[in-house]
Amino acid sequence: MVKLVRNETMLAAPHRLLRAFENPESIEAMVDRGAPYKTITAVQKNPANDNTPGWFRNFWALGGKVIFDGAEEAFYNPVFIEAAQQSFCAKVIKPLAMMTNLNVPAPSSPPHLDLPFFRGVHQREIPSWMLAPMGYSSLFHEWAIPIASAITWFYRGSDGQFEYWPQGLDEPSQTVAPPVTNTAVLADNEYMYHRVGEMGNETDYLKNGIDSAALLHRRKDGWEIMHAEEPIQFFPSSQIRVSILWKAFCFKTQYDADSFEDPSYNLTPETVIEIFCNDLKKKGVTFREPFDINDDVEWMKVVLENYAAPDGPAY
Ligand SMILES: [Fe+2]
């Protein structure tokens, strides 16, 4: 089996879907059922802190398997599968992950790439904080697996448009209209810089970051952030932006799928460390090799500082 490598540039321009789910009411009911939600920091198992943004998440599917009751239909949504086939010129589409994000009113996020997927290390073999710097470093491109991302919004607030840089950050950006409930954008978000515009009014922003152990609870007419039984802030439903993210591997042919899934080309955690260490040495960075990739905070800082998004935190 020949080792195939995906293109280094965007594989598919963003494609807007005007009716993402056939039955949006059942999707919104599942979003409610997922409460209470953990913060993004807690979900990604990053070190705990008391300055986490108002961004909450849970998973409906991971590693190609549905893990949330009732999410099968959404995970194998034919609208996403057909759009991915057309946009990525791919015959074989393998749904991989699905998650819900809930965001409180906030300023625009920095341009970023989504967490990439690499042969051999996309099933929690390495800590998830390491994936973003792997993507930004460009050191692991030959292991990247082509993937489509479909983001569907359920949002009745103002703004929050999707902005993207099809030719890279040095060239002008383009904008997709503000999100409308049950519309989606399907794109190559691991290789195309993008961001979400400012959402809601500044007066509704969280005054301070929240504790990463905080939870977002469903209430009768909205959502409430609680920490250790203490109410932090309540938001009416119209202010919370729900986005449902679907990810699927996209292979041109079955031959491509077999090549990308051939384990003889897999990365291992040891190789990942070795590649980072060699590059850090080349850059002249003073550092110590990690003693444990899961718990070595010093190593995490070195990697995140040296391989960050150009304009902000590497989420
Ligand atoms: Fe993103």
# chains A, B, ... in the order shown; residues from 1 in each chain; ligands from 1

$ select_by_dssp --residues "range 14-258 of chain A" --states "strand (DSSP E)" --output "MDAnalysis selection string"
chainID A and resid 15:17 37:39 55:62 65:66 92:103 147:154 162:165 174:176 183:187 193:196 215:218 222:227 230:236 241:251

$ residues_near_ligand --ligand "ligand 1" --cutoff "7 Å" --atoms "only C-alpha atoms and all ligand atoms" --output "ChimeraX atom specification"
/A:112-114,189,194-195

$ write_last_selection --atoms "C-alpha atoms" --output "mmCIF file, in the first residue's frame"
data_model
loop_
_atom_site.group_PDB
_atom_site.id
_atom_site.type_symbol
_atom_site.label_atom_id
_atom_site.label_comp_id
_atom_site.auth_asym_id
_atom_site.auth_seq_id
_atom_site.Cartn_x
_atom_site.Cartn_y
_atom_site.Cartn_z
ATOM 1 C CA HIS A 112 -7.547 29.572 14.245
ATOM 2 C CA LEU A 113 -7.370 26.083 12.767
ATOM 3 C CA ASP A 114 -9.437 23.267 14.276
ATOM 4 C CA ASN A 189 -11.291 23.791 9.021
ATOM 5 C CA HIS A 194 -11.442 30.813 10.369
ATOM 6 C CA ARG A 195 -13.163 32.465 13.299
#

$ residues_around --residues "Phe117 in chain A" --least-positions-apart "2" --cutoff "8 Å" --atoms "only C-alpha atoms" --output "list in words"
Leu115, Arg119, Val121, His122, Leu131, Ala144, Ile145 and Ile147 of chain A

$ write_last_selection --atoms "C-alpha atoms" --output "compact mmCIF listing (two decimals), in the first residue's frame"
# COMPACT_ATOMS: atom_id res chain seq x y z
CA LEU A 115 -7.80 20.38 16.11
CA ARG A 119 -2.69 8.81 11.55
CA VAL A 121 -2.87 9.62 17.31
CA HIS A 122 -6.50 10.68 16.90
CA LEU A 131 -3.01 18.39 18.76
CA ALA A 144 -2.69 14.48 8.45
CA ILE A 145 -5.96 12.80 7.47
CA ILE A 147 -11.45 15.70 7.16

$ atom_distance --atom1 "CA of Pro78 in chain A" --atom2 "CA of Gly63 in chain A"
19.0 Å

$ atom_distance --atom1 "CA of Leu96 in chain A" --atom2 "CA of Lys38 in chain A"
21.4 Å

$ closest_residue --among "A:Leu62, A:Val302, A:Met134, A:Ala35" --to "Phe118 in chain A" --atoms "only C-alpha atoms"
A:Met134

$ closest_residue --among "A:Ser149, A:Gln233, A:Asn278, A:Ser158" --to "Ala248 in chain A" --atoms "only C-alpha atoms"
A:Ser149
